[in-house]
>>> print(open('structure-v1.tsv').read())   # TSV, C-alpha atoms and all ligand atoms
chain	number	residue	atom	x	y	z
A	625	MET	CA	90.98	32.65	16.47
A	626	SER	CA	90.90	35.23	19.30
A	627	PRO	CA	92.37	38.66	18.63
A	628	LYS	CA	92.86	40.95	21.61
A	629	ILE	CA	89.57	41.47	23.43
A	630	PRO	CA	89.02	44.60	25.53
A	631	ARG	CA	87.82	43.91	29.07
A	632	ILE	CA	85.59	46.98	29.41
A	633	ILE	CA	83.77	48.81	26.65
A	634	GLY	CA	81.79	52.02	27.05
A	635	HIS	CA	78.34	51.17	25.67
A	636	ARG	CA	76.91	53.58	23.08
A	637	GLY	CA	79.82	55.77	24.16
A	638	CYS	CA	79.22	56.13	27.86
A	639	ALA	CA	75.44	56.05	27.96
A	640	ALA	CA	74.88	56.44	31.71
A	641	TYR	CA	76.73	59.75	31.77
A	642	ALA	CA	76.26	61.35	28.36
A	643	PRO	CA	73.66	61.03	25.60
A	644	GLU	CA	74.19	57.74	23.77
A	645	ASN	CA	76.01	57.65	20.44
A	646	THR	CA	77.32	61.21	20.68
A	647	LEU	CA	80.79	62.71	20.56
A	648	GLU	CA	80.28	63.85	24.15
A	649	GLY	CA	79.84	60.20	25.14
A	650	LEU	CA	83.15	59.29	23.52
A	651	HIS	CA	84.93	62.11	25.33
A	652	THR	CA	83.29	61.10	28.62
A	653	ALA	CA	84.56	57.53	28.27
A	654	ALA	CA	88.06	58.75	27.43
A	655	ASP	CA	88.02	61.18	30.37
A	656	MET	CA	87.27	58.19	32.66
A	657	GLY	CA	90.26	56.30	31.35
A	658	ILE	CA	88.13	53.80	29.42
A	659	GLU	CA	90.09	52.46	26.44
A	660	TRP	CA	87.31	51.14	24.20
A	661	VAL	CA	83.83	52.29	23.22
A	662	GLU	CA	80.95	50.73	21.35
A	663	PHE	CA	78.58	52.68	19.14
A	664	ASP	CA	75.85	51.98	16.61
A	665	VAL	CA	76.12	53.19	13.03
A	666	THR	CA	73.29	53.37	10.52
A	667	LEU	CA	72.53	55.19	7.26
A	668	THR	CA	70.44	58.29	6.65
A	669	LYS	CA	68.13	58.48	3.64
A	670	ASP	CA	71.01	59.89	1.59
A	671	GLN	CA	73.32	57.10	2.79
A	672	ILE	CA	75.44	59.06	5.24
A	673	PRO	CA	76.67	56.87	8.11
A	674	ILE	CA	75.67	58.38	11.45
A	675	LEU	CA	75.81	57.26	15.06
A	676	PHE	CA	72.28	56.21	15.96
A	677	HIS	CA	70.65	53.29	17.74
A	678	ASP	CA	66.92	53.33	17.01
A	679	ASP	CA	65.09	53.07	13.68
A	680	THR	CA	63.16	56.21	14.59
A	681	LEU	CA	64.19	59.66	15.72
A	682	GLU	CA	61.80	60.25	18.62
A	683	ARG	CA	63.55	58.76	21.64
A	684	THR	CA	66.91	60.51	21.37
A	685	THR	CA	66.16	63.65	19.33
A	686	ASN	CA	63.45	66.26	18.91
A	687	GLY	CA	62.71	64.86	15.43
A	688	HIS	CA	60.06	62.47	14.16
A	689	GLY	CA	59.96	59.55	11.76
A	690	LEU	CA	62.34	56.98	10.42
A	691	VAL	CA	66.08	57.67	10.31
A	692	ALA	CA	66.28	55.84	6.97
A	693	GLU	CA	63.71	58.24	5.49
A	694	THR	CA	65.37	61.43	6.75
A	695	THR	CA	68.29	63.15	5.04
A	696	TYR	CA	71.47	63.94	6.88
A	697	GLU	CA	70.85	67.65	6.36
A	698	ASP	CA	67.53	67.33	8.20
A	699	ILE	CA	68.97	65.14	10.95
A	700	ARG	CA	71.74	67.68	11.46
A	701	GLN	CA	69.13	70.30	12.38
A	702	LEU	CA	67.87	68.14	15.23
A	703	GLU	CA	68.83	68.39	18.86
A	704	ALA	CA	70.08	65.18	20.45
A	705	GLY	CA	71.01	66.09	24.02
A	706	SER	CA	68.09	67.63	25.93
A	707	TRP	CA	66.27	64.31	26.34
A	708	PHE	CA	69.21	63.18	28.46
A	709	GLY	CA	69.79	66.37	30.46
A	710	ASP	CA	69.67	70.15	30.18
A	711	SER	CA	73.45	70.41	30.30
A	712	PHE	CA	73.61	68.50	26.99
A	713	ALA	CA	71.16	70.75	25.12
A	714	GLY	CA	72.24	71.56	21.59
A	715	ILE	CA	74.18	68.36	20.88
A	716	LYS	CA	73.94	67.11	17.30
A	717	VAL	CA	73.76	63.59	15.89
A	718	PRO	CA	77.35	62.86	14.79
A	719	THR	CA	78.52	61.35	11.54
A	720	LEU	CA	80.80	58.32	11.60
A	721	GLU	CA	83.51	60.55	10.18
A	722	GLU	CA	83.27	62.96	13.12
A	723	ALA	CA	83.27	60.09	15.60
A	724	ILE	CA	86.38	58.53	14.06
A	725	ASP	CA	88.19	61.85	14.44
A	726	VAL	CA	87.38	61.79	18.17
A	727	LEU	CA	88.46	58.15	18.52
A	728	ILE	CA	91.80	58.94	16.95
A	729	GLU	CA	92.24	62.14	18.97
A	730	ARG	CA	91.41	60.34	22.23
A	731	ASP	CA	93.17	57.08	21.37
A	732	LEU	CA	90.03	54.95	21.81
A	733	GLY	CA	89.44	51.45	20.47
A	734	LEU	CA	86.13	50.80	18.73
A	735	ASN	CA	83.46	48.13	18.67
A	736	LEU	CA	81.37	49.34	15.74
A	737	GLU	CA	77.90	47.82	15.57
A	738	ILE	CA	76.34	47.99	12.11
A	739	LYS	CA	72.60	48.65	12.21
A	740	SER	CA	70.39	49.18	9.18
A	741	ALA	CA	66.87	49.55	7.90
A	742	PRO	CA	65.35	46.43	6.31
A	743	GLY	CA	66.84	45.94	2.84
A	744	GLN	CA	69.86	48.12	3.63
A	745	GLU	CA	71.93	45.47	5.39
A	746	LYS	CA	74.50	45.07	2.62
A	747	ALA	CA	74.64	48.73	1.63
A	748	ALA	CA	75.06	49.85	5.22
A	749	ALA	CA	77.99	47.49	5.78
A	750	GLU	CA	79.61	48.48	2.48
A	751	ILE	CA	79.37	52.21	3.08
A	752	ILE	CA	80.37	52.06	6.75
A	753	LEU	CA	83.35	49.76	6.18
A	754	ASP	CA	84.48	51.69	3.13
A	755	GLU	CA	84.55	54.91	5.15
A	756	LEU	CA	86.21	53.30	8.14
A	757	SER	CA	88.89	51.51	6.13
A	758	LYS	CA	90.09	54.77	4.60
A	759	VAL	CA	91.23	56.09	7.97
A	760	TRP	CA	91.55	53.12	10.35
A	761	ASP	CA	94.42	50.69	10.05
A	762	ASP	CA	94.86	49.45	13.63
A	763	HIS	CA	93.39	45.95	13.55
A	764	GLU	CA	94.13	45.46	17.25
A	765	ARG	CA	91.74	48.24	18.23
A	766	ILE	CA	88.68	47.60	16.12
A	767	ARG	CA	85.85	45.08	16.16
A	768	ILE	CA	82.94	45.00	13.74
A	769	THR	CA	79.69	43.52	15.03
A	770	SER	CA	76.07	43.23	13.97
A	771	TYR	CA	72.92	41.26	14.65
A	772	ASN	CA	72.50	40.97	10.93
A	773	HIS	CA	74.14	38.11	9.05
A	774	VAL	CA	74.02	39.88	5.68
A	775	SER	CA	75.98	42.81	7.12
A	776	LEU	CA	78.47	40.36	8.61
A	777	GLU	CA	78.80	38.49	5.32
A	778	THR	CA	79.56	41.80	3.63
A	779	ALA	CA	82.13	42.52	6.35
A	780	LEU	CA	83.70	39.11	5.68
A	781	ASP	CA	84.04	40.02	2.00
A	782	MET	CA	85.31	43.54	2.58
A	783	ALA	CA	87.29	43.30	5.79
A	784	SER	CA	88.17	39.66	6.37
A	785	ASP	CA	91.24	40.60	8.39
A	786	TRP	CA	89.29	42.80	10.83
A	787	PRO	CA	88.03	41.16	14.03
A	788	ARG	CA	84.29	40.54	13.78
A	789	GLY	CA	81.49	39.19	15.94
A	790	VAL	CA	77.76	38.56	15.96
A	791	VAL	CA	75.35	40.08	18.46
A	792	ILE	CA	72.89	37.57	19.93
A	793	GLY	CA	69.98	39.15	21.76
A	794	TYR	CA	66.47	40.49	21.43
A	795	HIS	CA	67.13	42.31	18.15
A	796	CYS	CA	67.65	38.98	16.39
A	797	THR	CA	64.98	37.78	13.99
A	798	GLY	CA	63.40	34.46	12.95
A	799	LYS	CA	64.67	31.29	14.60
A	800	TRP	CA	67.43	33.19	16.38
A	801	LEU	CA	64.87	35.38	18.13
A	802	GLU	CA	62.79	32.31	19.01
A	803	ALA	CA	65.84	30.81	20.73
A	804	VAL	CA	66.75	34.06	22.48
A	805	GLU	CA	63.22	34.38	23.86
A	806	LYS	CA	63.67	30.95	25.44
A	807	GLY	CA	67.01	32.00	26.93
A	808	LYS	CA	68.90	29.71	24.53
A	809	LEU	CA	71.65	30.13	22.00
A	810	PRO	CA	70.40	29.58	18.43
A	811	GLU	CA	71.05	25.94	17.45
A	812	ASP	CA	73.17	26.91	14.44
A	813	TRP	CA	75.11	29.73	16.10
A	814	ALA	CA	78.50	27.99	15.79
A	815	GLU	CA	77.89	26.97	12.18
A	816	ILE	CA	77.06	30.59	11.28
A	817	ALA	CA	80.02	31.89	13.30
A	818	ASP	CA	82.33	29.48	11.48
A	819	TYR	CA	80.99	30.50	8.09
A	820	LEU	CA	81.26	34.22	8.89
A	821	GLN	CA	84.70	33.69	10.52
A	822	LEU	CA	83.71	35.42	13.73
A	823	SER	CA	85.98	35.57	16.76
A	824	SER	CA	83.47	36.87	19.30
A	825	ILE	CA	79.87	36.60	20.36
A	826	SER	CA	78.25	39.66	21.89
A	827	LEU	CA	75.68	38.11	24.18
A	828	ASP	CA	72.72	39.64	25.98
A	829	PHE	CA	73.38	38.96	29.65
A	830	ASP	CA	70.06	37.07	29.86
A	831	LEU	CA	71.73	34.36	27.79
A	832	CYS	CA	74.87	34.19	29.89
A	833	THR	CA	74.61	30.90	31.77
A	834	PRO	CA	77.72	28.92	32.74
A	835	GLU	CA	76.82	26.28	30.14
A	836	GLN	CA	76.23	28.72	27.30
A	837	VAL	CA	79.27	30.85	28.06
A	838	ASN	CA	81.31	27.64	28.16
A	839	GLU	CA	79.80	26.38	24.89
A	840	ILE	CA	81.00	29.54	23.13
A	841	LYS	CA	84.41	29.62	24.78
A	842	GLU	CA	85.03	25.98	23.87
A	843	THR	CA	85.01	27.07	20.22
A	844	GLY	CA	87.83	29.52	20.97
A	845	ARG	CA	85.59	32.58	20.71
A	846	ALA	CA	85.32	35.42	23.18
A	847	VAL	CA	82.08	36.13	25.05
A	848	MET	CA	81.28	39.85	25.24
A	849	ALA	CA	78.28	40.46	27.52
A	850	TYR	CA	75.91	43.41	27.32
A	851	THR	CA	74.69	45.61	28.94
A	852	ILE	CA	76.32	45.31	32.37
A	853	ASN	CA	75.84	48.23	34.73
A	854	ASP	CA	76.05	46.78	38.23
A	855	LEU	CA	78.72	45.17	40.34
A	856	ASP	CA	76.81	42.04	41.27
A	857	ARG	CA	76.29	41.13	37.65
A	858	VAL	CA	79.94	41.84	36.82
A	859	ARG	CA	80.98	39.36	39.48
A	860	ILE	CA	78.56	36.66	38.40
A	861	LEU	CA	79.55	36.98	34.76
A	862	GLN	CA	83.24	37.13	35.53
A	863	SER	CA	82.94	33.88	37.48
A	864	MET	CA	81.43	32.29	34.35
A	865	GLY	CA	84.43	33.33	32.28
A	866	VAL	CA	82.86	36.20	30.34
A	867	ASP	CA	85.71	38.01	28.58
A	868	SER	CA	84.32	41.45	28.02
A	869	PHE	CA	81.68	43.80	29.40
A	870	PHE	CA	79.72	46.44	27.49
A	871	SER	CA	78.60	49.00	30.05
A	872	ASP	CA	76.77	52.32	30.12
A	873	ALA	CA	78.71	52.93	33.34
A	874	PRO	CA	82.14	51.49	32.53
A	875	ASP	CA	83.64	53.03	35.67
A	876	VAL	CA	81.40	50.73	37.74
A	877	VAL	CA	82.58	47.67	35.85
A	878	LYS	CA	86.18	48.80	36.19
A	879	ASP	CA	85.79	49.04	39.97
A	880	GLY	CA	83.99	45.69	40.08
A	881	LEU	CA	86.71	43.89	38.15
A	882	LEU	CA	89.43	45.35	40.32
A	883	THR	CA	87.87	43.89	43.43
A	884	VAL	CA	87.34	40.40	42.03
A	885	HIS	CA	90.06	37.79	42.53
B	1	LIG	O1	76.73	45.36	20.89
B	1	LIG	C1	76.15	45.12	22.11
B	1	LIG	C2	74.93	45.96	22.31
B	1	LIG	O2	75.22	47.27	21.98
B	1	LIG	C3	73.76	45.48	21.51
B	1	LIG	O3	72.56	46.04	21.93
B	1	LIG	O4	70.60	47.42	21.56
B	1	LIG	O5	72.52	48.34	22.78
B	1	LIG	O6	72.68	47.98	20.35
B	1	LIG	P1	72.07	47.52	21.63
B	2	CA	CA	74.90	48.66	20.12
>>> encode(input="structure-v1.tsv", output="structure tokens")
Amino acid sequence: MSPKIPRIIGHRGCAAYAPENTLEGLHTAADMGIEWVEFDVTLTKDQIPILFHDDTLERTTNGHGLVAETTYEDIRQLEAGSWFGDSFAGIKVPTLEEAIDVLIERDLGLNLEIKSAPGQEKAAAEIILDELSKVWDDHERIRITSYNHVSLETALDMASDWPRGVVIGYHCTGKWLEAVEKGKLPEDWAEIADYLQLSSISLDFDLCTPEQVNEIKETGRAVMAYTINDLDRVRILQSMGVDSFFSDAPDVVKDGLLTVH
């Protein structure tokens, strides 16, 4: 049940050192010798898959409003680097297509997290996976994840032979969020993971206890913890048996893992 799991994954590209979900972040991770990156993909109003984390434009661009209500042409006019640092001024929000070109050029593996506006869960997965499948055939270097079960069900239908995992954390909804807020795994997590044929659980580090990490690993699934940016936490999680670390500062995790025996 467990395809190859990368040890270290640059989170949102390499979010401590370059604006998140940008091509510059992907290059930064590759320049550091990091072999895998994670990024978030969502749809614009006109259904173009772009790299973007939030529902709204304000935090990481000079735009305003909902991503899902803004066309790609309008998003392309925005500036997505100054909020992070003057040296990144002028950076644009990338399309998935542009990001894939960089991944291939830099030989990076990808954990693609599908995000979507409410009601777009199926469409987002369909469009994103359709675009990805046209150019990506290396099943060893891809993992599709989402908080959303509808997106994961669509991924099961469209890409059953691609490694897939669910994200369990504070973006969950309903009973899953209730459990997360108590620091617990959702009661039916394994049942859902069986149904969706998932080989990994991306787990907020708040939920990483020895018991809960063990509960997941006993089912043969990998535990991929996020977002891990300091050495002490790397060591604690590694001692629990966590398989993989999403990090904004993947160089720190790399150093931490090297020193642990
Ligand atoms: O996939 C792990 C992690 O990226 C999920 O959290 O909010 O950074 O997308 P977030
Ligand atoms: Ca993410």
>>> atom_distance(input="structure-v1.tsv", atom1="CA of Asn735 in chain A", atom2="CA of Ser711 in chain A")
27.1 Å
>>> residues_near_ligand(input="structure-v1.tsv", ligand="ligand CA 2 (chain B)", cutoff="12 Å", atoms="all atoms listed in the file", output="PyMOL selection string")
chain A and resi 633-639+644-645+661-666+675-678+734-740+768-771+790-795+826-828+849-851+870-872
>>> closest_residue(input="structure-v1.tsv", among="A:Lys758, A:His773, A:Arg765, A:Lys808", to="Gln821 in chain A", atoms="only C-alpha atoms")
A:His773
>>> closest_residue(input="structure-v1.tsv", among="A:Arg700, A:Arg767, A:Lys716, A:Arg683", to="ligand LIG 1 (chain B)", atoms="only C-alpha atoms and all ligand atoms")
A:Arg767
>>> atom_distance(input="structure-v1.tsv", atom1="CA of Ile672 in chain A", atom2="CA of Gly709 in chain A")
26.9 Å
>>> closest_residue(input="structure-v1.tsv", among="A:Glu755, A:Asp679, A:Asp725, A:Glu693", to="ligand LIG 1 (chain B)", atoms="only C-alpha atoms and all ligand atoms")
A:Asp679
>>> residues_around(input="structure-v1.tsv", residues="range 844-848 of chain A", least_positions_apart="4", cutoff="7 Å", atoms="only C-alpha atoms", output="PyMOL selection string")
chain A and resi 625-626+823-827+837+840+866-869
>>> closest_residue(input="structure-v1.tsv", among="A:Lys878, A:Arg857, A:Lys841, A:Arg788", to="ligand LIG 1 (chain B)", atoms="only C-alpha atoms and all ligand atoms")
A:Arg788
>>> residues_around(input="structure-v1.tsv", residues="Ala713 in chain A", least_positions_apart="4", cutoff="12 Å", atoms="all atoms listed in the file", output="PyMOL selection string")
chain A and resi 642-643+648+684-686+702-709+717
>>> atom_distance(input="structure-v1.tsv", atom1="CA of Ser784 in chain A", atom2="CA of Ile752 in chain A")
14.7 Å
>>> residues_around(input="structure-v1.tsv", residues="Val759 in chain A", least_positions_apart="5", cutoff="10 Å", atoms="only C-alpha atoms", output="compact mmCIF listing (two decimals) with C-alpha atoms, in the coordinates of the input")
# COMPACT_ATOMS: atom_id res chain seq x y z
CA GLU A 721 83.51 60.55 10.18
CA ILE A 724 86.38 58.53 14.06
CA ASP A 725 88.19 61.85 14.44
CA ILE A 728 91.80 58.94 16.95
CA ASP A 754 84.48 51.69 3.13
>>> build_atoms(input="structure-v1.tsv", residues="range 845-858 of chain A", atoms="N, CA, C and O atoms", output="mmCIF file, keeping the file's coordinate frame")
data_model
loop_
_atom_site.group_PDB
_atom_site.id
_atom_site.type_symbol
_atom_site.label_atom_id
_atom_site.label_comp_id
_atom_site.auth_asym_id
_atom_site.auth_seq_id
_atom_site.Cartn_x
_atom_site.Cartn_y
_atom_site.Cartn_z
ATOM 1 N N ARG A 845 86.092 31.210 20.910
ATOM 2 C CA ARG A 845 85.590 32.580 20.710
ATOM 3 C C ARG A 845 85.428 33.292 22.054
ATOM 4 O O ARG A 845 85.197 32.654 23.087
ATOM 5 N N ALA A 846 85.525 34.602 21.986
ATOM 6 C CA ALA A 846 85.320 35.420 23.180
ATOM 7 C C ALA A 846 83.830 35.663 23.403
ATOM 8 O O ALA A 846 83.066 35.788 22.453
ATOM 9 N N VAL A 847 83.445 35.752 24.680
ATOM 10 C CA VAL A 847 82.080 36.130 25.050
ATOM 11 C C VAL A 847 82.107 37.568 25.557
ATOM 12 O O VAL A 847 82.801 37.883 26.526
ATOM 13 N N MET A 848 81.342 38.428 24.876
ATOM 14 C CA MET A 848 81.280 39.850 25.240
ATOM 15 C C MET A 848 79.843 40.127 25.682
ATOM 16 O O MET A 848 78.922 40.083 24.868
ATOM 17 N N ALA A 849 79.641 40.353 26.980
ATOM 18 C CA ALA A 849 78.280 40.460 27.520
ATOM 19 C C ALA A 849 77.799 41.906 27.536
ATOM 20 O O ALA A 849 78.551 42.824 27.826
ATOM 21 N N TYR A 850 76.506 42.083 27.244
ATOM 22 C CA TYR A 850 75.910 43.410 27.320
ATOM 23 C C TYR A 850 74.543 43.313 28.008
ATOM 24 O O TYR A 850 73.945 42.252 27.989
ATOM 25 N N THR A 851 74.024 44.375 28.558
ATOM 26 C CA THR A 851 74.690 45.610 28.940
ATOM 27 C C THR A 851 74.822 45.567 30.450
ATOM 28 O O THR A 851 73.806 45.447 31.140
ATOM 29 N N ILE A 852 76.023 45.638 30.981
ATOM 30 C CA ILE A 852 76.320 45.310 32.370
ATOM 31 C C ILE A 852 76.607 46.590 33.144
ATOM 32 O O ILE A 852 77.631 47.233 32.917
ATOM 33 N N ASN A 853 75.693 46.949 34.034
ATOM 34 C CA ASN A 853 75.840 48.230 34.730
ATOM 35 C C ASN A 853 75.927 48.105 36.246
ATOM 36 O O ASN A 853 75.908 49.119 36.949
ATOM 37 N N ASP A 854 75.952 46.873 36.765
ATOM 38 C CA ASP A 854 76.050 46.780 38.230
ATOM 39 C C ASP A 854 77.072 45.727 38.658
ATOM 40 O O ASP A 854 77.351 44.763 37.938
ATOM 41 N N LEU A 855 77.612 45.969 39.838
ATOM 42 C CA LEU A 855 78.720 45.170 40.340
ATOM 43 C C LEU A 855 78.375 43.692 40.524
ATOM 44 O O LEU A 855 79.184 42.826 40.204
ATOM 45 N N ASP A 856 77.170 43.438 41.015
ATOM 46 C CA ASP A 856 76.810 42.040 41.270
ATOM 47 C C ASP A 856 76.857 41.236 39.975
ATOM 48 O O ASP A 856 77.367 40.114 39.928
ATOM 49 N N ARG A 857 76.316 41.856 38.918
ATOM 50 C CA ARG A 857 76.290 41.130 37.650
ATOM 51 C C ARG A 857 77.709 40.953 37.084
ATOM 52 O O ARG A 857 78.048 39.918 36.516
ATOM 53 N N VAL A 858 78.533 41.968 37.256
ATOM 54 C CA VAL A 858 79.940 41.840 36.820
ATOM 55 C C VAL A 858 80.558 40.611 37.465
ATOM 56 O O VAL A 858 81.202 39.790 36.803
#
